[in-house]
Each structure stands twice: as structure tokens, then as C-alpha cells.
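Novice: Just so it is clear, I am handing over data32.cif, which has mmCIF, C-alpha atoms and all ligand atoms.
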data_protein
loop_
_atom_site.label_atom_id
_atom_site.label_comp_id
_atom_site.auth_asym_id
_atom_site.auth_seq_id
_atom_site.Cartn_x
_atom_site.Cartn_y
_atom_site.Cartn_z
CA MET G 1 133.51 90.02 75.27
CA LYS G 2 131.16 87.46 73.73
CA LEU G 3 130.58 85.86 77.07
CA GLU G 4 129.77 89.22 78.64
CA MET G 5 127.20 89.92 75.93
CA ALA G 6 125.62 86.52 76.42
CA LEU G 7 125.48 87.06 80.17
CA ALA G 8 123.98 90.51 79.77
CA THR G 9 121.34 89.15 77.39
CA ALA G 10 120.54 86.29 79.75
CA LEU G 11 120.17 88.76 82.61
CA VAL G 12 117.80 91.00 80.64
CA LEU G 13 115.71 88.01 79.63
CA ALA G 14 115.68 86.82 83.23
CA VAL G 15 114.44 90.22 84.44
CA VAL G 16 111.73 90.36 81.76
CA SER G 17 110.40 86.88 82.43
CA TRP G 18 110.78 87.42 86.15
CA THR G 19 108.66 90.58 86.11
CA GLN G 20 106.07 88.97 83.87
CA GLU G 21 105.87 85.83 85.90
CA PHE G 22 106.12 87.34 89.30
CA PHE G 23 103.73 90.27 89.25
CA PRO G 24 100.57 88.46 88.10
CA LYS G 25 100.77 86.29 91.23
CA GLU G 26 100.47 89.24 93.52
CA ALA G 27 96.88 90.11 92.67
CA HIS G 28 95.62 86.63 93.31
CA THR G 29 97.52 85.66 96.39
CA LEU G 30 98.12 88.85 98.34
CA ASN G 31 95.74 89.59 101.20
CA TRP G 32 95.80 93.39 101.31
CA GLY G 33 93.87 93.44 104.57
CA LYS G 34 96.65 91.43 106.17
CA PHE G 35 99.31 93.51 104.48
CA SER G 36 97.76 96.71 105.90
CA GLY G 37 99.15 98.56 108.88
CA PHE G 38 102.43 99.98 110.04
CA TRP G 39 105.76 98.90 108.59
CA TYR G 40 109.33 99.92 109.23
CA ILE G 41 111.46 100.36 106.12
CA ILE G 42 114.68 98.58 107.04
CA ALA G 43 116.58 98.81 103.77
CA ILE G 44 116.32 100.58 100.42
CA ALA G 45 117.94 100.33 97.03
CA THR G 46 117.13 103.11 94.59
CA ASP G 47 118.48 104.59 91.40
CA THR G 48 116.82 107.95 92.20
CA GLN G 49 119.67 110.42 92.51
CA GLY G 50 119.66 112.47 95.70
CA PHE G 51 116.92 110.45 97.38
CA LEU G 52 118.97 109.50 100.42
CA PRO G 53 120.63 111.99 102.77
CA ALA G 54 124.31 111.79 103.77
CA LYS G 55 125.34 108.61 105.55
CA ASP G 56 125.20 110.05 109.07
CA LYS G 57 121.66 111.41 108.52
CA ARG G 58 120.07 108.15 107.43
CA LYS G 59 117.28 106.64 109.51
CA LEU G 60 114.70 103.89 109.34
CA GLY G 61 111.77 104.76 107.10
CA ALA G 62 108.18 103.74 107.67
CA SER G 63 105.01 103.11 105.77
CA VAL G 64 101.35 102.78 106.70
CA VAL G 65 99.26 100.86 104.19
CA LYS G 66 95.45 100.87 104.32
CA VAL G 67 92.78 99.43 102.08
CA HIS G 68 90.88 102.59 101.13
CA LYS G 69 88.02 101.36 98.97
CA THR G 70 87.79 98.37 96.72
CA GLY G 71 90.70 98.60 94.36
CA GLN G 72 92.32 101.48 96.23
CA LEU G 73 95.14 101.68 98.74
CA LYS G 74 96.14 104.59 100.94
CA VAL G 75 99.88 104.54 101.40
CA VAL G 76 101.85 106.85 103.67
CA ILE G 77 105.62 106.76 103.53
CA ALA G 78 107.97 108.59 105.90
CA PHE G 79 111.59 108.83 105.00
CA SER G 80 114.69 110.68 106.09
CA ARG G 81 115.61 112.77 103.05
CA PRO G 82 118.37 115.31 102.43
CA LYS G 83 116.04 118.06 103.75
CA GLY G 84 115.00 116.06 106.82
CA CYS G 85 112.21 113.69 107.72
CA GLN G 86 109.44 113.88 105.13
CA SER G 87 106.19 112.03 104.78
CA MET G 88 103.91 111.66 101.83
CA GLU G 89 100.42 110.24 101.53
CA THR G 90 99.01 108.85 98.31
CA ILE G 91 95.95 107.01 97.13
CA LEU G 92 96.90 104.27 94.71
CA LYS G 93 94.43 102.71 92.33
CA LYS G 94 94.52 99.22 91.02
CA ASP G 95 94.87 98.88 87.29
CA ARG G 96 91.77 97.33 85.73
CA LYS G 97 93.67 94.61 83.99
CA LYS G 98 97.13 94.39 85.44
CA PRO G 99 97.93 93.39 89.00
CA VAL G 100 99.47 96.71 89.96
CA PHE G 101 98.55 99.74 92.08
CA ARG G 102 99.59 103.16 90.82
CA ASN G 103 99.00 106.90 90.82
CA THR G 104 100.63 108.25 87.72
CA LEU G 105 99.58 111.85 88.53
CA LYS G 106 101.77 111.64 91.62
CA GLY G 107 104.56 109.96 89.69
CA ILE G 108 103.96 106.47 91.07
CA LYS G 109 103.94 104.08 88.15
CA GLY G 110 103.79 100.91 90.18
CA PHE G 111 103.64 99.64 93.77
CA HIS G 112 104.35 95.93 93.75
CA VAL G 113 104.67 93.59 96.70
CA LEU G 114 107.11 91.03 95.36
CA SER G 115 106.99 88.79 98.37
CA THR G 116 105.67 88.82 101.91
CA ASP G 117 104.72 86.63 104.83
CA TYR G 118 103.00 89.66 106.45
CA THR G 119 105.85 90.06 108.98
CA TYR G 120 108.17 91.31 106.26
CA GLY G 121 107.57 92.55 102.74
CA LEU G 122 109.64 93.19 99.67
CA VAL G 123 108.16 96.20 97.87
CA TYR G 124 109.17 97.29 94.39
CA LEU G 125 108.30 100.89 93.53
CA ARG G 126 108.45 102.25 90.00
CA LEU G 127 108.51 106.04 90.02
CA GLY G 128 108.80 108.82 87.47
CA ARG G 129 106.80 110.90 85.06
CA ALA G 130 106.53 110.49 81.32
CA GLY G 131 109.73 108.98 80.00
CA ASN G 132 111.61 109.15 83.31
CA ASN G 133 111.81 105.90 85.15
CA TYR G 134 113.25 105.23 88.57
CA LYS G 135 113.10 102.06 90.54
CA SER G 136 113.35 101.40 94.23
CA LEU G 137 113.29 98.24 96.23
CA LEU G 138 112.19 98.54 99.86
CA LEU G 139 112.45 95.99 102.64
CA PHE G 140 109.46 96.32 104.98
CA ASN G 141 109.32 94.76 108.43
CA ARG G 142 106.75 94.94 111.21
CA GLN G 143 109.62 95.39 113.65
CA ASN G 144 112.68 97.61 113.59
CA ILE G 145 114.94 94.69 112.68
CA SER G 146 114.81 92.11 109.93
CA SER G 147 115.68 88.46 109.68
CA PHE G 148 118.77 87.27 107.88
CA LEU G 149 116.59 85.48 105.32
CA SER G 150 114.53 88.53 104.38
CA LEU G 151 117.70 90.59 104.08
CA ARG G 152 119.15 87.89 101.87
CA GLU G 153 116.04 87.97 99.66
CA PHE G 154 116.28 91.77 99.49
CA LEU G 155 119.90 91.60 98.32
CA ASP G 156 119.18 88.83 95.81
CA THR G 157 116.33 90.91 94.35
CA CYS G 158 118.58 93.99 94.21
CA HIS G 159 120.88 91.91 92.10
CA ILE G 160 118.10 90.93 89.68
CA LEU G 161 116.95 94.55 89.45
CA GLN G 162 120.54 95.72 88.99
CA LEU G 163 120.39 97.87 92.10
CA THR G 164 123.10 96.09 94.09
CA ASN G 165 125.41 99.10 94.20
CA GLN G 166 122.58 101.27 95.53
CA ALA G 167 121.52 98.93 98.33
CA THR G 168 121.55 100.55 101.76
CA ILE G 169 120.65 99.04 105.09
CA LEU G 170 119.30 101.91 107.17
CA PRO G 171 120.61 102.76 110.66
CA LYS G 172 118.26 101.77 113.49
CA ASP G 173 117.10 105.28 114.34
CA ASP G 174 113.30 105.29 114.52
CA SER G 175 112.76 109.03 115.06
CA CYS G 176 111.51 109.63 111.52
CA ALA G 177 109.57 106.36 111.27
CA HIS G 178 107.60 107.12 114.44
CA THR G 179 106.23 110.37 113.03
CA ILE G 180 103.59 108.29 111.22
CA LEU G 181 102.76 105.76 113.93
CA PRO G 182 99.00 105.16 113.60
C1 LIG N 1 113.29 98.42 118.41
O1 LIG N 1 112.02 98.11 118.93
C2 LIG N 1 112.04 97.64 120.26
C3 LIG N 1 110.65 97.18 120.67
O2 LIG N 1 109.65 97.62 119.85
C4 LIG N 1 112.57 98.75 121.18
O3 LIG N 1 112.61 98.32 122.52
C5 LIG N 1 113.97 99.13 120.71
O4 LIG N 1 114.45 100.22 121.47
C6 LIG N 1 113.97 99.49 119.25
N1 LIG N 1 115.37 99.64 118.83
C7 LIG N 1 115.83 100.73 118.24
C8 LIG N 1 117.28 100.74 117.96
O5 LIG N 1 115.11 101.67 117.93
#
Do you think you could lay out the structure here as C-alpha cells?

Specialist:
Amino acid sequence: MKLEMALATALVLAVVSWTQEFFPKEAHTLNWGKFSGFWYIIAIATDTQGFLPAKDKRKLGASVVKVHKTGQLKVVIAFSRPKGCQSMETILKKDRKKPVFRNTLKGIKGFHVLSTDYTYGLVYLRLGRAGNNYKSLLLFNRQNISSFLSLREFLDTCHILQLTNQATILPKDDSCAHTILP
């Protein structure tokens, strides 16, 4: 019991210091122009109940990211949901002080790129309104497949975010993703 408590505490501390240490880097090192464009969403882990459809209806998602104005991003996301393929477009604004893009009116508390080499990207989305908080981790790839290493990084990050049980690698059906091809 004691050991479990110690482990749980260590994990919480690790997550806190990880989020504090990791996110500030993003603003300084990420080239949003290079990150722009079309992405497939290869895998998702989310604690949002009812976000994903039944197993046989799952498909690759997609996102188109564009630099809108200075400090603003236009993000379109298409995803196969329980009611079918849906897409949503949002303008995200960069926080004045913190290295995060958000649109709290639309329920997007944070859009963080945790890591990328511009062929793949690990995107952490914090969603919810007021006191409700949901988190999702998305694995972006320029192509409809992903490398073993990026998948490995996705799963390791799911573990840190405590989303391992919700991690889903999406079936390679691009019919929903291609609805937002630029
Ligand atoms: C993945 O993309 C390639 C080339 O872009 C295409 O030829 C292939 O059919 C796609 N695979 C699936 C399963 O959609």
C-alpha cells in the first residue's frame, strides 16, 4: 500500500514537472509555418466519453493547421464520430504569456504540440468548459501510416498522461480524413 502511494505521488510529480518543463519549449522551438498543412490522425487516446464510434466504424482522422494571423492558428479537424464523419473549424489564439493556443469559448483549453519533426506530431488537446476537463492525445502524420518510433512515443506519452487504457490506433480508412483535403 505504501509503495503504491509513493508510486502514485511520484507519477503525479512527474506529470506536473513534465508539463511545466515541456510546454514552454514549444513556443520557442516550434516552426508553425512548417507545422502547417494537412495531417492524418493515426491514433487517439481520450478520456472524453462517447467521442469514438463503435470499433467497426472507426476511421483515420485528419487535421489542417494554418497560421491565420500572428498569434492565431486556424485548425480544422475531421473525425469519425458516433454520428458519422464530422469536421470542425476553430481559430485558436496564443496566450499572451503562456506558450499555448486556445479558444475557451469553443471549449478548447489548450492545443499543445508536444513533439514533432514535421513528418509526425504528437498533439495534446485539453478540452472542456468551466470545471470540466478532458484530455486527448493525438498522433499526427503527414502520411496514412506512422513509424514504429512515433507510435512508441505516442504510447509512452499516453502512459504519462494516464490515458493508456483509452489509446486507440485507428483503422486505415481515409474516407473521413479526405473530406478536408486542402
Ligand atoms: C495510403 O496512402 C497511399 C499513398 O498516399 C495510398 O496509395 C494508399 O492507398 C493509402 N492506404 C490506405 C489504406 O488508405

Novice: Box along x, y and z, 3 Å on every side, all listed atoms of ligand LIG 1 (chain N) inside: centre and edge lengths in Å to one decimal, as JSON.

Specialist:
{"center_x": 113.5, "center_y": 99.4, "center_z": 120.2, "size_x": 13.6, "size_y": 10.5, "size_z": 10.6}

Novice: My list of candidates is G:Ser146, G:Thr90, G:Tyr118, G:Ile77. Which is closest to ligand LIG 1 (chain N) when distances are computed with only C-alpha atoms and all ligand atoms?

Specialist: G:Ser146

Novice: Which is closest to Leu52 of chain G among G:Arg142, G:Ser175, G:Thr104, G:Ser80, if we use only C-alpha atoms?

Specialist: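 The answer is G:Ser80, which sits nearest to Leu52 of chain G.
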
Novice: Grab the atom CA of Lys94 of chain G to atom CA of Asn144 of chain G distance for me, in Å with one decimal place.

Specialist: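 Atom-to-atom, atom CA of Lys94 of chain G to atom CA of Asn144 of chain G, that is 29.0 Å.
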
Novice: Could you give me, as a list in words, every polymer residue with an atom at most 9 Å away from an atom of ligand LIG 1 (chain N), counting only C-alpha atoms and all ligand atoms?

Specialist: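 Those residues are Leu60, Gln143, Asn144, Ile145, Pro171, Lys172, Asp173, Asp174 and Ser175 of chain G.
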
Novice: Smallest atom-to-atom distance to Gly50 of chain G: which of G:Pro82, G:Ile180, G:Gln162, G:Leu149, using all atoms listed in the file?

Specialist: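 Looking at the shortest contact to Gly50 of chain G, the residue is G:Pro82.
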
Novice: Please write as an MDAnalysis selection string the list of polymer residues whose atoms come within 9 Å of (111.0, 94.3, 100.1), counting only C-alpha atoms and keeping to the coordinates of the file.

Specialist: chainID G and resid 41:44 113:116 120:124 137:141 150:151 153:154 157

Novice: Could you pull the residues within 9 Å of Met88 of chain G, counting all atoms listed in the file, minus those fewer than 2 positions along the same chain, as a compact mmCIF listing (two decimals) with C-alpha atoms, in the frame of the given file?

Specialist:
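Once everything was written out, this is out.txt:
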# COMPACT_ATOMS: atom_id res chain seq x y z
CA VAL G 75 99.88 104.54 101.40
CA VAL G 76 101.85 106.85 103.67
CA ILE G 77 105.62 106.76 103.53
CA ALA G 78 107.97 108.59 105.90
CA PHE G 79 111.59 108.83 105.00
CA GLN G 86 109.44 113.88 105.13
CA THR G 90 99.01 108.85 98.31

Novice: With all atoms listed in the file as the atoms that count, which of G:Arg81, G:Asp56, G:Val65, G:Ile169 lies nearest to Arg152 of chain G?

Specialist: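 Counting all atoms listed in the file, the residue closest to Arg152 of chain G is G:Ile169.
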
Novice: What's around Leu73 of chain G at 9 Å? Count all atoms listed in the file, leave out sequence neighbours fewer than 5 positions away in its own chain, and write the answer as a PyMOL selection string.

Specialist: chain G and resi 32+65-68+90-94+101

Novice: What separation in Å, quoted to one decimal, exists between atom CA of Tyr134 of chain G and atom CA of Lys69 of chain G?

Specialist: 27.6 Å

Novice: For Leu181 of chain G, which residue out of G:Pro99, G:Gly61, G:Pro53, G:Gly128 is the nearest one, using all atoms listed in the file?

Specialist: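 When distances to Leu181 of chain G are compared using all atoms listed in the file, the smallest one comes from G:Gly61.
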
Novice: Taking only C-alpha atoms into account, which of G:Gln166, G:Gln72, G:Ser63, G:Asn132 comes nearest Gly33 of chain G?

Specialist: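 The shortest atom-to-atom distance to Gly33 of chain G comes from G:Gln72.
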
Novice: Grab the atom CA of Asp47 of chain G to atom CA of Phe148 of chain G distance for me, in Å with one decimal place.

Specialist: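 About the pair atom CA of Asp47 of chain G and atom CA of Phe148 of chain G: they are 23.9 Å apart.
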
Novice: Starting from the incomplete input, reconstruct N, CA and C atoms of segment 158-180 of chain G and report them as a compact mmCIF listing (two decimals), in the frame of the given file.

Specialist:
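selection-v6.txt was written with the following content:
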# COMPACT_ATOMS: atom_id res chain seq x y z
N CYS G 158 117.80 92.83 94.67
CA CYS G 158 118.58 93.99 94.21
C CYS G 158 119.44 93.58 93.04
N HIS G 159 120.01 92.41 93.15
CA HIS G 159 120.88 91.91 92.10
C HIS G 159 120.10 91.75 90.79
N ILE G 160 118.93 91.13 90.88
CA ILE G 160 118.10 90.93 89.68
C ILE G 160 117.70 92.26 89.07
N LEU G 161 117.39 93.25 89.93
CA LEU G 161 116.95 94.55 89.45
C LEU G 161 118.13 95.47 89.10
N GLN G 162 119.32 94.96 89.25
CA GLN G 162 120.54 95.72 88.99
C GLN G 162 120.64 96.96 89.87
N LEU G 163 120.32 96.77 91.13
CA LEU G 163 120.39 97.87 92.10
C LEU G 163 121.38 97.55 93.23
N THR G 164 122.21 96.54 93.02
CA THR G 164 123.10 96.09 94.09
C THR G 164 123.97 97.22 94.64
N ASN G 165 124.51 98.04 93.74
CA ASN G 165 125.41 99.10 94.20
C ASN G 165 124.69 100.19 94.97
N GLN G 166 123.35 100.22 94.84
CA GLN G 166 122.58 101.27 95.53
C GLN G 166 121.89 100.74 96.78
N ALA G 167 122.21 99.52 97.18
CA ALA G 167 121.52 98.93 98.33
C ALA G 167 122.07 99.49 99.64
N THR G 168 121.16 99.94 100.49
CA THR G 168 121.55 100.55 101.76
C THR G 168 120.71 99.98 102.89
N ILE G 169 121.37 99.47 103.90
CA ILE G 169 120.65 99.04 105.09
C ILE G 169 120.64 100.24 106.03
N LEU G 170 119.44 100.64 106.45
CA LEU G 170 119.30 101.91 107.17
C LEU G 170 119.65 101.76 108.65
N PRO G 171 120.28 102.78 109.23
CA PRO G 171 120.61 102.76 110.66
C PRO G 171 119.35 102.68 111.51
N LYS G 172 119.45 102.02 112.66
CA LYS G 172 118.26 101.77 113.49
C LYS G 172 117.87 102.99 114.33
N ASP G 173 117.59 104.08 113.66
CA ASP G 173 117.10 105.28 114.34
C ASP G 173 115.64 105.43 113.92
N ASP G 174 114.72 105.32 114.90
CA ASP G 174 113.30 105.29 114.52
C ASP G 174 112.61 106.66 114.66
N SER G 175 113.39 107.73 114.79
CA SER G 175 112.76 109.03 115.06
C SER G 175 111.93 109.54 113.88
N CYS G 176 112.32 109.21 112.67
CA CYS G 176 111.51 109.63 111.52
C CYS G 176 110.34 108.66 111.34
N ALA G 177 110.61 107.38 111.45
CA ALA G 177 109.57 106.36 111.27
C ALA G 177 108.39 106.61 112.21
N HIS G 178 108.68 107.00 113.45
CA HIS G 178 107.60 107.12 114.44
C HIS G 178 106.73 108.35 114.24
N THR G 179 107.09 109.23 113.30
CA THR G 179 106.23 110.37 113.03
C THR G 179 104.92 109.94 112.37
N ILE G 180 104.84 108.72 111.83
CA ILE G 180 103.59 108.29 111.22
C ILE G 180 102.98 107.08 111.93
